[in-house]
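Q: Pasting a structure here, questions to come.
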Amino acid sequence: MDDPILSNQRIKSAPATPRLNLPSSTMSDSSLHLQNITSRTMHINRLLNSNYNSSPSRTVYSDRFIPSRSGSNFGLFDISNSLTSVEGKEDGSGSYHRLLRAALFGPDTPDKKDSLTPPSCRNIFRYKTETKRALHSLSPFGLDESVSGISHSPVKAPRKVPMSPYKVLDAPALQDDFYLNLVDWSSNNVLAVGLGNCVYLWNACSSKVTKLCDLGIDVSVCSVGWAQRGTHLAVGTSSGKVQIWDASRCQRVRTMEGHRLRVGALAWSSSLLSSGSRDKSILQRDVRVQDDFASKLSGHKSEVCGLKWSYDNRELASGGNDNKLFVWNQHSTQPVLKYCDHTAAVKAITWSPHLNGLLASGGGTADRCIRFWNTTTNTQLSCVDTGSQVCNLVWSKNVNELVSTHGYSQNQIIVWRYPTMSKLATLTGHTYRVLYLAISPDGQTIVTGAGDETLRFWNVFPSPKSQNTESEIGASSLGRTTIR
């Protein structure tokens, strides 16, 4: 078949070069013109039969999309080497990705293309089991200490809790009764202790001991509780009466009745005093009015042995010998929340000063557990089996830790870190159940009492500013004396 380009060229050149009846004088010009036509035809043939885009810097395009795989980084997706690698060829992109991988994941991270997993078992995107590494190890700068402007904080050593009490007080006639609460520490740094039928005050700054009251031969002290200002002390008696004493003047202010049996638990909320009794009831008393009590809370089926107001004074938690933990509000006469998971008496109760609505409770010998509750959502958060009777709980206001005291069978004191509930220290020394517990106003020191008739002082919590600062009490009071 004839070439269409050549045919067109011939058609265009025909009028200009007539080849019939030409004079002899024009033959030379016609030959020259034919040579020009021949050279043009040969040039067109060379264009058609040669590679027009012979320049290596230009890309060849066609009417079909054929991807170029040479620049793709399939190695990052763990795809077979046959698709991504070219023998003996190494481009700048691969070097960049190796440097980036080493900076992000460490120099020892293997390349994906070195994997021995068969291609048929691979997925482009899949999870990989990561080894645990420190947070700063993920830095693009690695662990190079020579890099300026980057500091690596050393791992903080665990806080050491002294294993021995810094002071021991003899407390003759301190009763060995699980249901009583005979020790409390005021905001003015004065410790109140009920011994037999008397109440004694011990000033932690001066170590001075003062006898506050003597109830008589037939009446014994069952509970003591300081008002929040630290000036007045409530005393619950075995006769069911509650007395209010002015500690600075050692003078009784008033006596309130209402209970038929002993009053073993007291809790203050501003001017409102709550008292729990063996008669199964809780009385709310406003000390500003003449009435003995403003309301009566009923719900427990046995003796009330634990009472504690929340830090915002909105909720009152009560524990009883019926194994129940109840939560009341300021205006309720019936419990708004009931927790029945404990299998023994609930005396140990404490509210978190760090999180509103977080409550902890401990059970007796048959239970041995510390349970945590969210009273805002009415749910149990966790439970820890301590292995022995839980007698008391108190939460530190300086750090998110709490301390528990125990009875049968180990008589120990445990410092816990919350919420992991890991043990920071286990303190021993009491030979009887550690039934009584109070915390100093600075939040660093606790005092424990037991049936062995001793009060022991322990530095267990750090100060809010420094963990190494000695408390004023621990620095000024050393040795063993008697509180009577």
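Following the order of the structure tokens, first chain is A, next is B, and so on, with residues numbered from 1 inside each chain and ligands from 1 in the order they appear.
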Mind checking which residues fall within 9 Å of segment 262-277 of chain A, counting only C-alpha atoms, ignoring those fewer than 6 positions away in the same chain, and posting them as an MDAnalysis selection string?

A: chainID A and resid 179:182 221:229 234:242 283:288 293 303:311 313:314 316 318

Q: Residues of segment 397-477 of chain A in helix (DSSP H, G or I) according to DSSP, as a list in words?

A: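 Matching residues, listed in order: Glu472, Ile473, Gly474, Ala475 and Ser476 of chain A.
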
Q: Would you mind exporting N, CA and C atoms of the selected residues as a compact mmCIF listing (two decimals), in the first residue's frame?

A:
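Wrote again.txt, looks like this:
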# COMPACT_ATOMS: atom_id res chain seq x y z
N GLU A 472 7.06 18.30 112.10
CA GLU A 472 7.38 18.97 113.36
C GLU A 472 7.23 18.00 114.53
N ILE A 473 6.26 17.10 114.39
CA ILE A 473 6.01 16.16 115.48
C ILE A 473 7.15 15.16 115.59
N GLY A 474 7.53 14.61 114.46
CA GLY A 474 8.58 13.60 114.50
C GLY A 474 9.92 14.16 114.93
N ALA A 475 10.17 15.43 114.63
CA ALA A 475 11.46 16.01 114.98
C ALA A 475 11.53 16.39 116.45
N SER A 476 10.38 16.67 117.07
CA SER A 476 10.41 17.18 118.43
C SER A 476 10.04 16.15 119.48

Q: Counting only C-alpha atoms, figure out which residue out of A:Gly216, A:Gly230, A:Gly362, A:Pro335 gets nearest to Trp185 of chain A.

A: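 Looking at the shortest contact to Trp185 of chain A, the residue is A:Gly230.
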
Q: Set the distance at 6 Å and use only C-alpha atoms: which residues neighbour Gln389 of chain A once local chain neighbours fewer than 4 positions away are removed? I'd like the list as a list in words.

A: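 Listed by chain and then number, they are Gly364, Thr365, Arg368, His406, Gly407 and Tyr408 of chain A.
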
Q: Rounded to one decimal in Å, what is the spacing between atom CA of Trp351 of chain A and atom CA of Cys205 of chain A?

A: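 Result for atom CA of Trp351 of chain A versus atom CA of Cys205 of chain A: 27.5 Å, one decimal.
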
Q: Excluding same-chain residues fewer than 4 positions from Asn411 of chain A, what lies within 9 Å of it counting only C-alpha atoms, as a list in words?

A: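 That gives Ser388, Gln389, Thr405, His406, Gly407, Thr428, Gly429, His430, Thr431, Tyr432, Arg433, Val434 and Ala450 of chain A.
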
Q: Could you take the residues named above and write them with N, CA and C atoms, as a PDB file, in the first residue's frame?

A:
ATOM      1  N   SER A 388      -6.157 -10.202 106.302  1.00  0.00           N
ATOM      2  CA  SER A 388      -6.430 -10.109 107.737  1.00  0.00           C
ATOM      3  C   SER A 388      -7.527  -9.076 107.987  1.00  0.00           C
ATOM      4  N   GLN A 389      -8.051  -9.079 109.185  1.00  0.00           N
ATOM      5  CA  GLN A 389      -9.132  -8.180 109.584  1.00  0.00           C
ATOM      6  C   GLN A 389      -8.747  -6.719 109.345  1.00  0.00           C
ATOM      7  N   THR A 405      -5.010  -0.439 108.936  1.00  0.00           N
ATOM      8  CA  THR A 405      -4.526  -1.172 110.100  1.00  0.00           C
ATOM      9  C   THR A 405      -5.323  -2.461 110.218  1.00  0.00           C
ATOM     10  N   HIS A 406      -4.672  -3.487 110.785  1.00  0.00           N
ATOM     11  CA  HIS A 406      -5.251  -4.826 110.724  1.00  0.00           C
ATOM     12  C   HIS A 406      -5.193  -5.514 112.080  1.00  0.00           C
ATOM     13  N   GLY A 407      -6.083  -6.478 112.224  1.00  0.00           N
ATOM     14  CA  GLY A 407      -6.136  -7.300 113.424  1.00  0.00           C
ATOM     15  C   GLY A 407      -5.762  -8.727 113.103  1.00  0.00           C
ATOM     16  N   THR A 428       5.141  -3.309 111.363  1.00  0.00           N
ATOM     17  CA  THR A 428       4.763  -4.193 112.464  1.00  0.00           C
ATOM     18  C   THR A 428       5.365  -3.680 113.770  1.00  0.00           C
ATOM     19  N   GLY A 429       4.814  -4.150 114.858  1.00  0.00           N
ATOM     20  CA  GLY A 429       5.289  -3.723 116.169  1.00  0.00           C
ATOM     21  C   GLY A 429       4.245  -3.951 117.245  1.00  0.00           C
ATOM     22  N   HIS A 430       2.963  -3.766 116.882  1.00  0.00           N
ATOM     23  CA  HIS A 430       1.894  -4.030 117.834  1.00  0.00           C
ATOM     24  C   HIS A 430       1.751  -5.538 118.028  1.00  0.00           C
ATOM     25  N   THR A 431       1.458  -5.919 119.246  1.00  0.00           N
ATOM     26  CA  THR A 431       1.266  -7.343 119.555  1.00  0.00           C
ATOM     27  C   THR A 431      -0.205  -7.719 119.675  1.00  0.00           C
ATOM     28  N   TYR A 432      -1.094  -6.720 119.584  1.00  0.00           N
ATOM     29  CA  TYR A 432      -2.531  -6.948 119.562  1.00  0.00           C
ATOM     30  C   TYR A 432      -3.109  -6.295 118.299  1.00  0.00           C
ATOM     31  N   ARG A 433      -4.414  -6.493 118.096  1.00  0.00           N
ATOM     32  CA  ARG A 433      -5.076  -5.895 116.944  1.00  0.00           C
ATOM     33  C   ARG A 433      -4.895  -4.376 116.946  1.00  0.00           C
ATOM     34  N   VAL A 434      -4.592  -3.836 115.775  1.00  0.00           N
ATOM     35  CA  VAL A 434      -4.395  -2.383 115.646  1.00  0.00           C
ATOM     36  C   VAL A 434      -5.776  -1.770 115.396  1.00  0.00           C
ATOM     37  N   ALA A 450      -3.564  -0.023 120.039  1.00  0.00           N
ATOM     38  CA  ALA A 450      -3.907  -1.446 120.059  1.00  0.00           C
ATOM     39  C   ALA A 450      -4.204  -1.883 121.482  1.00  0.00           C
TER      40      ALA A 450
END

Q: Have a look at atom CA of Val384 of chain A and atom CA of Ser422 of chain A and let me know their distance in Å, one decimal.

A: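 Value for the atom CA of Val384 of chain A-atom CA of Ser422 of chain A distance: 10.2 Å.
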
Q: Report as a list in words all protein, DNA and RNA residues lying within 6 Å of segment 172-178 of chain A, evaluated on only C-alpha atoms, omitting residues in the same chain fewer than 6 positions from it.

A: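 The residues that qualify are Leu195, Gly196, Gly451 and Glu453 of chain A.
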
Q: Let me see the file: selected residues, C-alpha atoms, as a PDB file, in the first residue's frame.

A:
ATOM      1  CA  LEU A 195      -8.722   5.348 128.464  1.00  0.00           C
ATOM      2  CA  GLY A 196     -11.259   3.519 130.575  1.00  0.00           C
ATOM      3  CA  GLY A 451      -4.953  -3.689 122.902  1.00  0.00           C
ATOM      4  CA  GLU A 453      -1.957  -0.523 125.539  1.00  0.00           C
TER       5      GLU A 453
END

Q: Just the strand (DSSP E or B) stuff from segment 196-243 of chain A, please, per backbone DSSP, written as a list of chain:residue names.

A: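 Put together, the selection reads A:Cys198, A:Val199, A:Tyr200, A:Leu201, A:Trp202, A:Asn203, A:Val209, A:Thr210, A:Lys211, A:Leu212, A:Cys213, A:Asp214, A:Val221, A:Cys222, A:Ser223, A:Val224, A:Gly225, A:Trp226, A:His232, A:Leu233, A:Ala234, A:Val235, A:Gly236, A:Thr237, A:Val242, A:Gln243.
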
Q: Applying 9 Å and only C-alpha atoms, which residues near Leu191 of chain A remain after dropping the ones on its own chain fewer than 5 positions away? List them as a list in words.

A: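 Those residues are Val183, Asp184, Trp185, Ser186, Tyr200, Leu201, Trp202, Asn203, Ala204, Ala438 and Ser440 of chain A.
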
Q: With C-alpha atoms retained, export the selected residues as a compact mmCIF listing (two decimals), in the first residue's frame.

A:
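Resulting contents of again-v5.txt:
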# COMPACT_ATOMS: atom_id res chain seq x y z
CA VAL A 183 -8.34 7.98 119.28
CA ASP A 184 -8.66 11.22 117.29
CA TRP A 185 -6.23 14.00 116.25
CA SER A 186 -7.38 17.62 116.09
CA TYR A 200 -6.71 12.47 128.02
CA LEU A 201 -5.29 15.13 125.71
CA TRP A 202 -1.71 14.96 124.44
CA ASN A 203 -0.23 18.08 122.83
CA ALA A 204 1.98 16.94 119.97
CA ALA A 438 -5.66 8.84 113.45
CA SER A 440 -1.86 14.37 112.05
